[in-house]
$ cat coords19.csv   # CSV, C-alpha atoms
chain,number,residue,atom,x,y,z
M,6,MET,CA,-202.4,-159.1,34.9
M,7,ASP,CA,-203.1,-155.4,35.3
M,8,ASP,CA,-202.8,-153.2,32.2
M,9,GLY,CA,-200.9,-150.5,34.1
M,10,THR,CA,-203.4,-147.7,33.6
M,11,THR,CA,-205.0,-147.7,37.0
M,12,ARG,CA,-205.4,-144.2,38.3
M,13,ALA,CA,-204.3,-143.8,41.9
M,14,PRO,CA,-206.3,-141.5,44.3
M,15,GLY,CA,-204.6,-138.1,44.3
M,16,GLY,CA,-202.3,-139.2,41.5
M,17,TYR,CA,-199.8,-141.3,43.5
M,18,TRP,CA,-199.9,-144.6,45.3
M,19,ASP,CA,-196.9,-145.8,47.2
M,20,PRO,CA,-196.1,-149.3,46.1
M,21,LEU,CA,-193.3,-150.0,48.6
M,22,PRO,CA,-195.5,-151.3,51.6
M,23,THR,CA,-197.2,-153.7,49.2
M,24,ALA,CA,-193.9,-154.7,47.7
M,25,ARG,CA,-192.3,-155.5,51.1
M,26,ARG,CA,-195.3,-157.5,52.1
M,27,LEU,CA,-195.2,-159.5,48.9
M,28,LEU,CA,-191.5,-160.2,49.3
M,29,VAL,CA,-192.1,-161.6,52.8
M,30,GLU,CA,-194.9,-163.8,51.4
M,31,HIS,CA,-192.9,-164.8,48.4
M,32,PRO,CA,-189.2,-164.5,49.3
M,33,GLN,CA,-188.1,-166.1,46.1
M,34,LEU,CA,-189.1,-162.9,44.3
M,35,ASP,CA,-186.5,-160.9,46.3
M,36,GLN,CA,-184.1,-160.4,43.4
M,37,PHE,CA,-183.4,-156.7,44.1
M,38,GLY,CA,-179.7,-156.0,44.2
M,39,GLY,CA,-179.3,-153.3,41.6
M,40,LEU,CA,-177.1,-150.2,42.3
M,41,TRP,CA,-178.2,-146.6,41.7
M,42,ALA,CA,-174.8,-145.9,40.1
M,43,ASP,CA,-175.6,-148.5,37.4
M,44,ARG,CA,-179.2,-147.2,36.8
M,45,ASN,CA,-180.3,-147.3,33.2
M,46,TRP,CA,-181.0,-143.7,32.1
M,47,ARG,CA,-184.2,-144.9,30.4
M,48,ASN,CA,-186.0,-145.7,33.7
M,49,VAL,CA,-188.8,-143.4,34.6
M,50,PRO,CA,-188.4,-141.7,38.0
M,51,GLY,CA,-190.0,-143.7,40.9
M,52,PRO,CA,-189.1,-146.4,43.5
M,53,PHE,CA,-188.3,-149.2,41.0
M,54,TYR,CA,-185.6,-149.2,38.4
M,55,GLY,CA,-183.4,-151.5,36.3
M,56,ALA,CA,-179.6,-151.2,36.7
M,57,ASP,CA,-177.2,-153.9,35.7
M,58,THR,CA,-179.8,-156.4,34.8
M,59,ASP,CA,-179.3,-159.6,32.8
M,60,SER,CA,-179.7,-159.6,29.0
M,61,MET,CA,-182.2,-162.5,28.8
M,62,GLN,CA,-185.1,-160.0,28.1
M,63,VAL,CA,-187.9,-162.0,29.6
M,64,GLY,CA,-189.2,-159.5,32.1
M,65,ARG,CA,-192.1,-158.5,29.8
M,66,LEU,CA,-193.5,-162.0,30.1
M,67,ASP,CA,-194.8,-161.1,33.5
M,68,ALA,CA,-194.8,-157.3,33.4
M,69,PRO,CA,-195.4,-156.1,29.9
M,70,PHE,CA,-197.0,-152.9,31.1
M,71,HIS,CA,-194.0,-152.0,33.3
M,72,ILE,CA,-190.8,-153.4,31.8
M,73,ALA,CA,-189.1,-152.7,28.5
M,74,TYR,CA,-185.8,-153.6,26.9
M,75,ASP,CA,-182.9,-151.5,25.6
M,76,ASP,CA,-180.4,-152.2,22.8
M,77,GLU,CA,-177.3,-151.4,24.8
M,78,PHE,CA,-175.4,-154.5,23.8
M,79,GLY,CA,-176.9,-155.2,20.4
M,80,PRO,CA,-179.8,-157.2,19.1
M,81,LEU,CA,-181.4,-159.5,21.7
M,82,ASP,CA,-178.8,-158.6,24.2
M,83,GLY,CA,-180.0,-155.4,25.9
M,84,ARG,CA,-180.9,-154.7,29.5
M,85,GLU,CA,-184.3,-154.3,31.1
M,86,PHE,CA,-185.7,-151.1,32.6
M,87,VAL,CA,-188.9,-149.8,34.2
M,88,TYR,CA,-190.9,-147.6,31.9
M,89,ARG,CA,-194.1,-147.4,34.1
M,90,GLN,CA,-194.2,-147.5,37.9
M,91,PRO,CA,-197.0,-149.6,39.6
M,92,THR,CA,-200.0,-147.8,40.9
M,93,ASP,CA,-201.8,-150.6,42.7
M,94,ALA,CA,-201.2,-154.0,44.3
M,95,ALA,CA,-201.8,-156.1,41.2
M,96,GLN,CA,-199.3,-154.0,39.2
M,97,THR,CA,-196.8,-154.3,42.0
M,98,HIS,CA,-197.1,-158.1,41.9
M,99,ASP,CA,-196.7,-158.1,38.1
M,100,LEU,CA,-193.6,-155.9,38.4
M,101,LEU,CA,-192.0,-158.0,41.1
M,102,SER,CA,-192.6,-161.1,39.0
M,103,GLY,CA,-191.1,-159.5,36.0
M,104,CYS,CA,-188.0,-158.4,37.9
M,105,PHE,CA,-187.4,-162.0,39.1
M,106,PHE,CA,-185.3,-162.9,36.1
M,107,GLY,CA,-183.2,-159.8,36.2
M,108,HIS,CA,-180.6,-161.7,38.2
M,109,GLY,CA,-180.4,-159.1,41.0
M,110,GLY,CA,-180.1,-156.1,38.6
M,111,PHE,CA,-183.4,-154.4,39.6
M,112,ALA,CA,-183.8,-152.2,42.6
M,113,MET,CA,-186.6,-150.6,44.6
M,114,ASP,CA,-184.7,-147.9,46.5
M,115,GLY,CA,-185.4,-145.1,44.0
M,116,ASP,CA,-187.1,-142.9,46.6
M,117,GLU,CA,-183.8,-142.7,48.5
M,118,HIS,CA,-182.0,-141.2,45.4
M,119,TRP,CA,-184.5,-139.2,43.3
M,120,THR,CA,-184.7,-135.6,44.3
M,121,ASP,CA,-186.9,-132.7,43.3
M,122,ALA,CA,-184.1,-131.4,41.0
M,123,SER,CA,-183.2,-134.7,39.4
M,124,VAL,CA,-186.9,-135.6,38.6
M,125,ARG,CA,-187.4,-132.2,37.0
M,126,GLU,CA,-184.1,-132.7,35.1
M,127,TRP,CA,-185.2,-136.1,33.8
M,128,TRP,CA,-188.5,-134.7,32.6
M,129,GLN,CA,-186.7,-131.8,30.9
M,130,GLU,CA,-184.5,-134.2,29.0
M,131,ARG,CA,-187.2,-136.7,28.1
M,132,GLY,CA,-186.6,-135.8,24.4
M,133,ARG,CA,-183.6,-138.0,24.6
M,134,VAL,CA,-185.7,-141.0,25.7
M,135,ARG,CA,-188.4,-140.2,23.1
M,136,GLU,CA,-185.9,-140.0,20.2
M,137,TRP,CA,-184.2,-143.3,21.2
M,138,ALA,CA,-187.5,-145.2,21.7
M,139,MET,CA,-189.0,-144.0,18.4
M,140,THR,CA,-185.8,-145.0,16.4
M,141,THR,CA,-185.4,-148.3,18.2
M,142,SER,CA,-189.0,-149.4,18.0
M,143,ASP,CA,-189.1,-148.6,14.3
M,144,ARG,CA,-186.0,-150.7,13.7
M,145,TRP,CA,-187.2,-153.6,15.8
M,146,SER,CA,-190.6,-153.5,14.0
M,147,ARG,CA,-188.9,-154.3,10.7
M,148,VAL,CA,-187.1,-157.5,11.9
M,149,ARG,CA,-188.1,-160.7,10.2
M,150,GLY,CA,-187.1,-164.3,10.7
M,151,GLU,CA,-186.6,-166.5,13.7
M,152,HIS,CA,-186.8,-163.8,16.4
M,153,ARG,CA,-189.6,-161.7,14.9
M,154,ALA,CA,-192.1,-162.3,17.7
M,155,HIS,CA,-189.6,-161.2,20.3
M,156,TYR,CA,-188.7,-158.0,18.5
M,157,ARG,CA,-192.3,-157.2,17.9
M,158,ASP,CA,-193.0,-157.5,21.6
M,159,ALA,CA,-189.9,-155.4,22.4
M,160,ALA,CA,-191.0,-152.8,20.0
M,161,GLN,CA,-194.5,-152.8,21.5
M,162,GLY,CA,-192.9,-152.1,24.9
M,163,LEU,CA,-191.2,-149.0,23.5
M,164,ARG,CA,-194.4,-147.8,21.9
M,165,SER,CA,-196.2,-148.2,25.2
M,166,TYR,CA,-193.3,-146.2,26.8
M,167,LEU,CA,-193.9,-143.4,24.2
M,168,ALA,CA,-197.6,-143.4,25.0
M,169,HIS,CA,-196.9,-143.2,28.7
M,170,LEU,CA,-194.5,-140.3,28.1
M,171,ASP,CA,-197.2,-138.4,26.3
M,172,GLY,CA,-200.0,-139.6,28.5
M,173,GLY,CA,-200.1,-140.1,32.2
M,174,LEU,CA,-196.4,-139.8,33.2
M,175,ASN,CA,-196.6,-136.0,33.6
M,176,GLU,CA,-199.4,-136.3,36.3
M,177,TYR,CA,-197.7,-139.3,38.0
M,178,LEU,CA,-194.4,-137.3,38.3
M,179,ARG,CA,-196.1,-134.3,39.7
M,180,SER,CA,-197.6,-136.4,42.4
M,181,TYR,CA,-194.3,-138.2,42.9
M,182,LEU,CA,-192.6,-134.8,43.6
M,183,PHE,CA,-195.3,-134.2,46.2
M,184,HIS,CA,-194.6,-137.6,47.8
M,185,LEU,CA,-190.8,-137.0,47.9
M,186,ALA,CA,-191.3,-133.6,49.5
M,187,GLU,CA,-194.1,-134.4,52.0
M,188,GLY,CA,-193.5,-138.1,52.6
M,189,ARG,CA,-197.1,-138.9,51.7
M,190,SER,CA,-199.4,-139.0,48.8
M,191,PRO,CA,-201.4,-135.9,47.8
M,192,LEU,CA,-205.1,-135.9,48.7
M,193,PRO,CA,-207.6,-135.5,45.9
M,194,GLY,CA,-207.7,-131.8,44.9
M,195,GLU,CA,-204.5,-131.0,46.8
M,196,ALA,CA,-202.0,-128.8,44.8
M,197,ARG,CA,-199.1,-130.6,43.3
M,198,PRO,CA,-195.8,-129.2,42.0
M,199,GLU,CA,-195.5,-128.4,38.3
M,200,LEU,CA,-192.7,-130.4,36.6
M,201,LEU,CA,-191.4,-127.4,34.7
M,202,ARG,CA,-190.7,-124.4,36.9
M,203,ALA,CA,-192.1,-121.1,35.9
M,204,ARG,CA,-190.2,-119.7,33.0
M,205,ARG,CA,-188.6,-116.3,33.1
M,206,PRO,CA,-190.9,-113.5,31.9
M,207,PRO,CA,-190.4,-112.6,28.3
M,208,THR,CA,-187.2,-110.7,27.7
M,209,PRO,CA,-187.8,-107.0,27.5
M,210,HIS,CA,-187.6,-105.4,24.1
M,211,THR,CA,-183.9,-104.9,24.0
M,212,THR,CA,-181.2,-105.5,21.5
M,213,ASP,CA,-178.5,-106.0,24.1
M,214,PRO,CA,-176.8,-109.4,23.8
M,215,VAL,CA,-177.3,-111.8,26.7
M,216,LEU,CA,-175.1,-114.7,27.7
M,217,ALA,CA,-176.1,-118.1,26.3
M,218,GLY,CA,-173.2,-120.2,27.5
M,219,TYR,CA,-169.5,-120.9,27.4
M,220,PHE,CA,-167.5,-123.4,25.3
M,221,VAL,CA,-163.9,-124.4,24.7
M,222,GLY,CA,-163.0,-124.4,21.0
M,223,VAL,CA,-160.0,-124.9,18.7
M,224,PRO,CA,-159.8,-122.2,16.0
M,225,GLU,CA,-159.2,-123.6,12.5
M,226,LEU,CA,-157.3,-122.5,9.5
M,227,ALA,CA,-159.9,-121.8,6.8
M,228,ASN,CA,-158.9,-121.8,3.2
M,229,ASP,CA,-161.6,-124.0,1.6
M,230,SER,CA,-163.9,-122.9,-1.1
M,231,GLY,CA,-167.0,-121.3,0.3
M,232,LEU,CA,-165.4,-120.1,3.5
M,233,PRO,CA,-163.8,-116.8,4.4
M,234,ARG,CA,-160.0,-116.8,4.5
M,235,ALA,CA,-159.0,-116.9,8.1
M,236,GLU,CA,-155.9,-118.1,10.0
M,237,LEU,CA,-158.0,-118.7,13.1
M,238,LEU,CA,-161.6,-119.2,12.1
M,239,ILE,CA,-163.9,-119.4,15.1
M,240,THR,CA,-167.6,-120.1,15.3
M,241,ALA,CA,-170.1,-121.2,18.0
M,242,SER,CA,-171.0,-124.2,15.7
M,243,ASN,CA,-168.9,-127.4,16.0
M,244,CYS,CA,-169.8,-128.1,12.3
M,245,LEU,CA,-166.5,-126.4,11.5
M,246,ILE,CA,-164.3,-126.5,14.6
M,247,ASP,CA,-163.5,-128.9,17.3
M,248,TRP,CA,-164.8,-128.4,20.8
M,249,ILE,CA,-163.1,-129.6,24.0
M,250,PRO,CA,-163.7,-132.0,25.8
M,251,GLN,CA,-166.4,-133.0,23.2
M,252,ASP,CA,-168.8,-131.5,20.7
M,253,ASP,CA,-172.0,-129.7,21.9
M,254,CYS,CA,-170.5,-129.3,25.4
M,255,TRP,CA,-171.8,-126.1,26.8
M,256,PHE,CA,-170.8,-124.8,30.2
M,257,ALA,CA,-172.6,-122.4,32.6
M,258,THR,CA,-169.4,-120.8,34.0
M,259,PRO,CA,-165.7,-120.5,32.9
M,260,THR,CA,-164.8,-122.5,36.1
M,261,GLU,CA,-166.9,-125.5,34.9
M,262,ALA,CA,-165.4,-125.3,31.4
M,263,LEU,CA,-161.8,-125.2,32.6
M,264,ALA,CA,-162.4,-128.0,35.1
M,265,ALA,CA,-163.8,-130.2,32.3
M,266,CYS,CA,-160.7,-129.7,30.2
M,267,ALA,CA,-158.2,-130.2,33.0
M,268,THR,CA,-157.8,-134.0,32.4
M,269,VAL,CA,-158.0,-134.2,28.6
M,270,ALA,CA,-155.6,-133.5,25.8
M,271,VAL,CA,-156.0,-129.8,24.9
M,272,PRO,CA,-154.3,-128.3,21.8
M,273,ALA,CA,-152.3,-125.1,22.4
M,274,GLU,CA,-154.7,-123.1,20.3
M,275,ALA,CA,-157.8,-123.9,22.4
M,276,ARG,CA,-159.5,-121.0,24.1
M,277,LEU,CA,-162.5,-120.3,26.2
M,278,PHE,CA,-165.4,-118.6,24.3
M,279,ALA,CA,-168.8,-117.3,25.2
M,280,LEU,CA,-171.9,-117.0,22.9
M,281,LEU,CA,-174.1,-114.0,23.4
M,282,VAL,CA,-177.6,-113.7,21.7
M,283,PRO,CA,-179.4,-110.4,21.2
M,284,GLY,CA,-182.4,-110.1,23.5
M,285,ASP,CA,-184.8,-109.6,20.7
M,286,HIS,CA,-183.8,-113.0,19.2
M,287,VAL,CA,-183.7,-115.0,22.4
M,288,HIS,CA,-187.4,-116.1,22.3
M,289,ALA,CA,-187.1,-117.6,18.8
M,290,PHE,CA,-183.9,-119.4,19.7
M,291,VAL,CA,-185.5,-120.8,22.9
M,292,THR,CA,-188.6,-121.8,21.0
M,293,ASP,CA,-186.5,-123.9,18.5
M,294,ILE,CA,-184.7,-125.6,21.4
M,295,ARG,CA,-187.9,-126.5,23.2
M,296,GLU,CA,-189.7,-127.7,20.1
M,297,ALA,CA,-186.8,-130.0,19.3
M,298,GLU,CA,-187.0,-131.4,22.9
M,299,THR,CA,-183.2,-131.8,23.0
M,300,ASP,CA,-181.0,-131.7,26.0
M,301,GLU,CA,-179.7,-128.1,26.4
M,302,PRO,CA,-179.7,-127.4,30.2
M,303,VAL,CA,-177.1,-124.6,30.0
M,304,LEU,CA,-178.6,-122.7,27.1
M,305,LEU,CA,-182.1,-122.9,28.6
M,306,SER,CA,-181.1,-122.0,32.1
M,307,HIS,CA,-179.4,-118.9,30.9
M,308,LEU,CA,-181.9,-117.8,28.3
M,309,ASP,CA,-185.2,-119.1,29.7
M,310,GLY,CA,-184.6,-120.2,33.3
M,311,PRO,CA,-186.2,-118.8,36.5
M,312,ASP,CA,-183.1,-116.8,37.4
M,313,PRO,CA,-181.7,-113.7,35.7
M,314,THR,CA,-179.1,-114.3,33.1
M,315,PRO,CA,-175.6,-113.9,34.5
M,316,GLU,CA,-173.2,-111.3,33.1
M,317,PRO,CA,-170.3,-112.7,31.1
M,318,ALA,CA,-167.1,-113.2,33.1
M,319,GLU,CA,-164.6,-110.3,33.1
M,320,GLY,CA,-161.7,-110.3,30.6
M,321,GLY,CA,-163.5,-111.5,27.5
M,322,ARG,CA,-162.7,-109.8,24.2
M,323,ALA,CA,-165.3,-109.2,21.6
M,324,LEU,CA,-164.4,-111.0,18.3
M,325,GLY,CA,-167.3,-110.2,16.0
M,326,TRP,CA,-170.7,-111.5,14.9
M,327,GLU,CA,-171.9,-114.6,13.1
M,328,VAL,CA,-175.3,-116.0,12.0
M,329,LEU,CA,-176.5,-119.2,13.6
M,330,GLY,CA,-179.5,-121.6,13.5
M,331,TYR,CA,-180.6,-124.4,15.8
M,332,ASP,CA,-181.8,-127.7,14.4
M,333,CYS,CA,-182.5,-130.8,16.6
M,334,GLY,CA,-179.5,-130.4,18.9
M,335,ILE,CA,-177.1,-128.9,16.4
M,336,LEU,CA,-176.2,-125.3,16.2
M,337,HIS,CA,-175.4,-124.6,12.6
M,338,THR,CA,-173.5,-121.6,11.2
M,339,TRP,CA,-174.2,-119.8,8.0
M,340,LEU,CA,-170.7,-120.7,6.9
M,341,CYS,CA,-171.3,-124.4,6.8
M,342,ASN,CA,-174.3,-123.8,4.5
M,343,ASP,CA,-172.3,-122.4,1.6
M,344,LEU,CA,-173.7,-118.9,2.0
M,345,HIS,CA,-170.5,-117.0,2.3
M,346,ASP,CA,-169.7,-116.5,-1.4
M,347,ASP,CA,-173.3,-115.6,-2.2
M,348,ALA,CA,-173.4,-113.1,0.7
M,349,VAL,CA,-170.2,-111.4,-0.5
M,350,ARG,CA,-171.5,-111.2,-4.0
M,351,GLN,CA,-175.1,-110.2,-3.3
M,352,LEU,CA,-174.8,-108.2,0.0
M,353,GLY,CA,-171.3,-106.9,-0.3
M,354,ILE,CA,-170.4,-108.1,3.2
M,355,THR,CA,-166.9,-108.7,4.5
M,356,THR,CA,-165.6,-110.8,7.4
M,357,ASN,CA,-162.7,-110.2,9.8
M,358,ASP,CA,-159.5,-112.2,10.4
M,359,ARG,CA,-161.6,-114.7,12.5
M,360,GLY,CA,-164.2,-115.3,9.8
M,361,LEU,CA,-166.8,-113.2,11.7
M,362,LEU,CA,-169.0,-110.3,10.6
M,363,PRO,CA,-168.0,-106.8,11.8
M,364,ASP,CA,-171.1,-105.7,13.5
M,365,ARG,CA,-174.7,-106.4,14.5
M,366,GLU,CA,-176.2,-104.6,11.6
M,367,THR,CA,-174.3,-106.7,9.1
M,368,ALA,CA,-175.3,-109.9,11.0
M,369,ASP,CA,-178.9,-108.9,10.9
M,370,ARG,CA,-178.8,-108.4,7.1
M,371,VAL,CA,-177.2,-111.8,6.6
M,372,ALA,CA,-179.8,-113.5,8.9
M,373,THR,CA,-182.7,-111.9,7.2
M,374,TRP,CA,-181.3,-112.8,3.8
M,375,ALA,CA,-180.6,-116.4,4.8
M,376,ASN,CA,-184.1,-116.8,6.3
M,377,ALA,CA,-185.6,-115.7,2.9
M,378,ARG,CA,-183.8,-118.5,1.1
M,379,ASP,CA,-185.0,-122.1,0.5
M,380,ASP,CA,-181.7,-123.8,0.0
M,381,THR,CA,-180.3,-123.8,3.6
M,382,LYS,CA,-180.9,-125.8,6.7
M,383,PRO,CA,-184.6,-125.6,7.8
M,384,VAL,CA,-183.7,-123.3,10.7
M,385,THR,CA,-184.4,-119.8,11.9
M,386,TRP,CA,-181.2,-117.9,11.4
M,387,PHE,CA,-180.3,-115.3,14.0
M,388,PRO,CA,-177.3,-113.0,14.8
M,389,ALA,CA,-175.0,-113.7,17.7
M,390,THR,CA,-171.7,-112.4,19.0
M,391,LEU,CA,-168.6,-114.2,20.5
M,392,LEU,CA,-166.2,-113.3,23.3
M,393,GLU,CA,-162.8,-114.9,23.7
M,394,TRP,CA,-160.5,-115.2,26.8
M,395,ASP,CA,-157.0,-115.1,25.4
M,396,THR,CA,-155.4,-117.4,27.9
M,397,PRO,CA,-154.2,-121.0,27.1
M,398,ILE,CA,-156.3,-123.8,28.6
M,399,GLU,CA,-154.3,-125.6,31.2
M,400,SER,CA,-154.4,-129.4,31.3
M,401,THR,CA,-152.8,-132.1,33.5
M,402,PHE,CA,-153.3,-134.7,30.7
M,403,VAL,CA,-150.2,-136.9,30.2
M,404,PRO,CA,-150.2,-139.2,27.1
M,405,VAL,CA,-149.8,-142.9,27.9
M,406,ALA,CA,-146.4,-144.0,26.8
M,407,THR,CA,-146.3,-147.0,24.5
M,408,ASP,CA,-143.5,-149.4,23.9
M,409,PRO,CA,-141.7,-148.8,20.6
M,410,PRO,CA,-142.5,-151.2,17.9
M,411,ARG,CA,-140.4,-154.2,17.8
M,412,PRO,CA,-138.3,-154.7,14.7
M,413,ARG,CA,-139.8,-157.2,12.3
M,414,PRO,CA,-137.8,-160.5,12.0
M,415,THR,CA,-135.6,-160.7,8.9
M,416,PRO,CA,-136.9,-163.4,6.6
M,417,TRP,CA,-134.5,-166.2,5.8

$ encode --input "coords19.csv" --output "structure tokens"
Amino acid sequence: MDDGTTRAPGGYWDPLPTARRLLVEHPQLDQFGGLWADRNWRNVPGPFYGADTDSMQVGRLDAPFHIAYDDEFGPLDGREFVYRQPTDAAQTHDLLSGCFFGHGGFAMDGDEHWTDASVREWWQERGRVREWAMTTSDRWSRVRGEHRAHYRDAAQGLRSYLAHLDGGLNEYLRSYLFHLAEGRSPLPGEARPELLRARRPPTPHTTDPVLAGYFVGVPELANDSGLPRAELLITASNCLIDWIPQDDCWFATPTEALAACATVAVPAEARLFALLVPGDHVHAFVTDIREAETDEPVLLSHLDGPDPTPEPAEGGRALGWEVLGYDCGILHTWLCNDLHDDAVRQLGITTNDRGLLPDRETADRVATWANARDDTKPVTWFPATLLEWDTPIESTFVPVATDPPRPRPTPW
């Protein structure tokens, strides 16, 4: 059994010719019937992947260096996926053997589906995999009792996955991108694509706000202690308001936002908003996102992507300023950190009828003051401004009618 660490010449070895030969020699191993549409998001890019596999969780008996288990359906009832692609004939045989008990849920047609863009996107969002694998492996490592040995092995699979994420997967995927583009493996020393495209040059020293993204939110009535009095409180943080169609749902354009809301229930008060971040605070905001390794494709493409940041759509109305901080996928507002009353008392600030600060200067003062405190979220606070499009969000959503409750029988 190969330990899965063989280095392929040039960084990529195509396992499919060997796999096809092995399936001819051992037809009983041909249990590949998985569908790309059912692919487990935890699979690493490459030709092999697990889709709707069985939940017996025995694939690691033959391929412990390639197959791991998830927790999709609860303890001892998860699906199998491929966390390391084979890089030589021995590994390919191990993987085929491990896939045998997947009851047709594995597939080997990944090359027909992966693209340059989707491989890069998977790598960009690998923080989601890392967070899940760390949490799950830690939980499984603590299991005691009858199934302890199985859980310990399953946890080891996830730890091996984490090591692969931080070890050789980067180089493998760079060579895999070359293979997808050129139809061959790169030669030793031949240039291979970078996984992360070149980032935009640092933002020039400007204080002009730049577009971060759009969201659809539902303003709230604010009359709680610690919050400014506002009939229609609005913020770019869903800590205090509801977002449509779901929290943390950023959009690159108004068209995408409106399309996503078209088939869900939308309150009459919901509106389209845009978040703009001053250019001199963009770098710190982007740094916090990248260090968190969370999935923020819209924010990163606008603030740190290879293309120029688009201008906000026409028709937006400036509402005011707030103070925000990013923490592991959550955009916090200074208002949900009980800072409002202190700011009023110590800084003499005021907010408008939307619960927002009147200008950039005031927002800068609050951000500097909040960053000097040690009793808030561990974030870097920064000023930001909001735009609103004062047009109701249209939806075709129709509630499902339910039968009226039947009258309860009269007791004798």

$ residues_around --input "coords19.csv" --residues "Gln36 of chain M" --least-positions-apart "6" --cutoff "7 Å" --atoms "only C-alpha atoms" --output "ChimeraX atom specification"
/M:105,108-109

$ closest_residue --input "coords19.csv" --among "M:Trp46, M:Tyr177, M:Trp248, M:Phe111" --to "Gln90 of chain M" --atoms "only C-alpha atoms"
M:Tyr177

$ atom_distance --input "coords19.csv" --atom1 "atom CA of Glu298 of chain M" --atom2 "atom CA of Glu195 of chain M"
29.6 Å

$ closest_residue --input "coords19.csv" --among "M:Asn342, M:Thr292, M:Thr97, M:Thr260" --to "Ser242 of chain M" --atoms "only C-alpha atoms"
M:Asn342

$ residues_around --input "coords19.csv" --residues "Gly51 of chain M" --least-positions-apart "6" --cutoff "10 Å" --atoms "only C-alpha atoms" --output "VMD selection string"
chain M and resid 19 to 20 87 to 91 113 to 119 124 177 to 178 181 to 182 185

$ residues_around --input "coords19.csv" --residues "Ala186 of chain M" --least-positions-apart "3" --cutoff "10 Å" --atoms "all atoms listed in the file" --output "mmCIF file with C-alpha atoms, in the frame of the given file"
data_model
loop_
_atom_site.group_PDB
_atom_site.id
_atom_site.type_symbol
_atom_site.label_atom_id
_atom_site.label_comp_id
_atom_site.auth_asym_id
_atom_site.auth_seq_id
_atom_site.Cartn_x
_atom_site.Cartn_y
_atom_site.Cartn_z
ATOM 1 C CA THR M 120 -184.700 -135.600 44.300
ATOM 2 C CA ASP M 121 -186.900 -132.700 43.300
ATOM 3 C CA SER M 180 -197.600 -136.400 42.400
ATOM 4 C CA TYR M 181 -194.300 -138.200 42.900
ATOM 5 C CA LEU M 182 -192.600 -134.800 43.600
ATOM 6 C CA PHE M 183 -195.300 -134.200 46.200
ATOM 7 C CA ARG M 189 -197.100 -138.900 51.700
ATOM 8 C CA SER M 190 -199.400 -139.000 48.800
ATOM 9 C CA PRO M 198 -195.800 -129.200 42.000
#

$ atom_distance --input "coords19.csv" --atom1 "atom CA of His184 of chain M" --atom2 "atom CA of Glu199 of chain M"
13.3 Å

$ closest_residue --input "coords19.csv" --among "M:Pro250, M:Gly360, M:Gly325, M:Gly334" --to "Leu237 of chain M" --atoms "all atoms listed in the file"
M:Gly360

$ residues_around --input "coords19.csv" --residues "Ile294 of chain M" --least-positions-apart "2" --cutoff "8 Å" --atoms "all atoms listed in the file" --output "PyMOL selection string"
chain M and resi 290-292+296-299+301+331-334

$ atom_distance --input "coords19.csv" --atom1 "atom CA of Gly310 of chain M" --atom2 "atom CA of Arg133 of chain M"
19.8 Å

$ residues_around --input "coords19.csv" --residues "segment 365-379 of chain M" --least-positions-apart "2" --cutoff "9 Å" --atoms "all atoms listed in the file" --output "number ranges by chain"
M: 325-329, 339, 344, 348, 352, 354-355, 362-363, 381-390

$ residues_near_point --input "coords19.csv" --point "(-173.1, -122.8, 30.9)" --cutoff "12 Å" --atoms "all atoms listed in the file" --output "ChimeraX atom specification"
/M:216-221,253-263,265,277-281,301-308,314-318
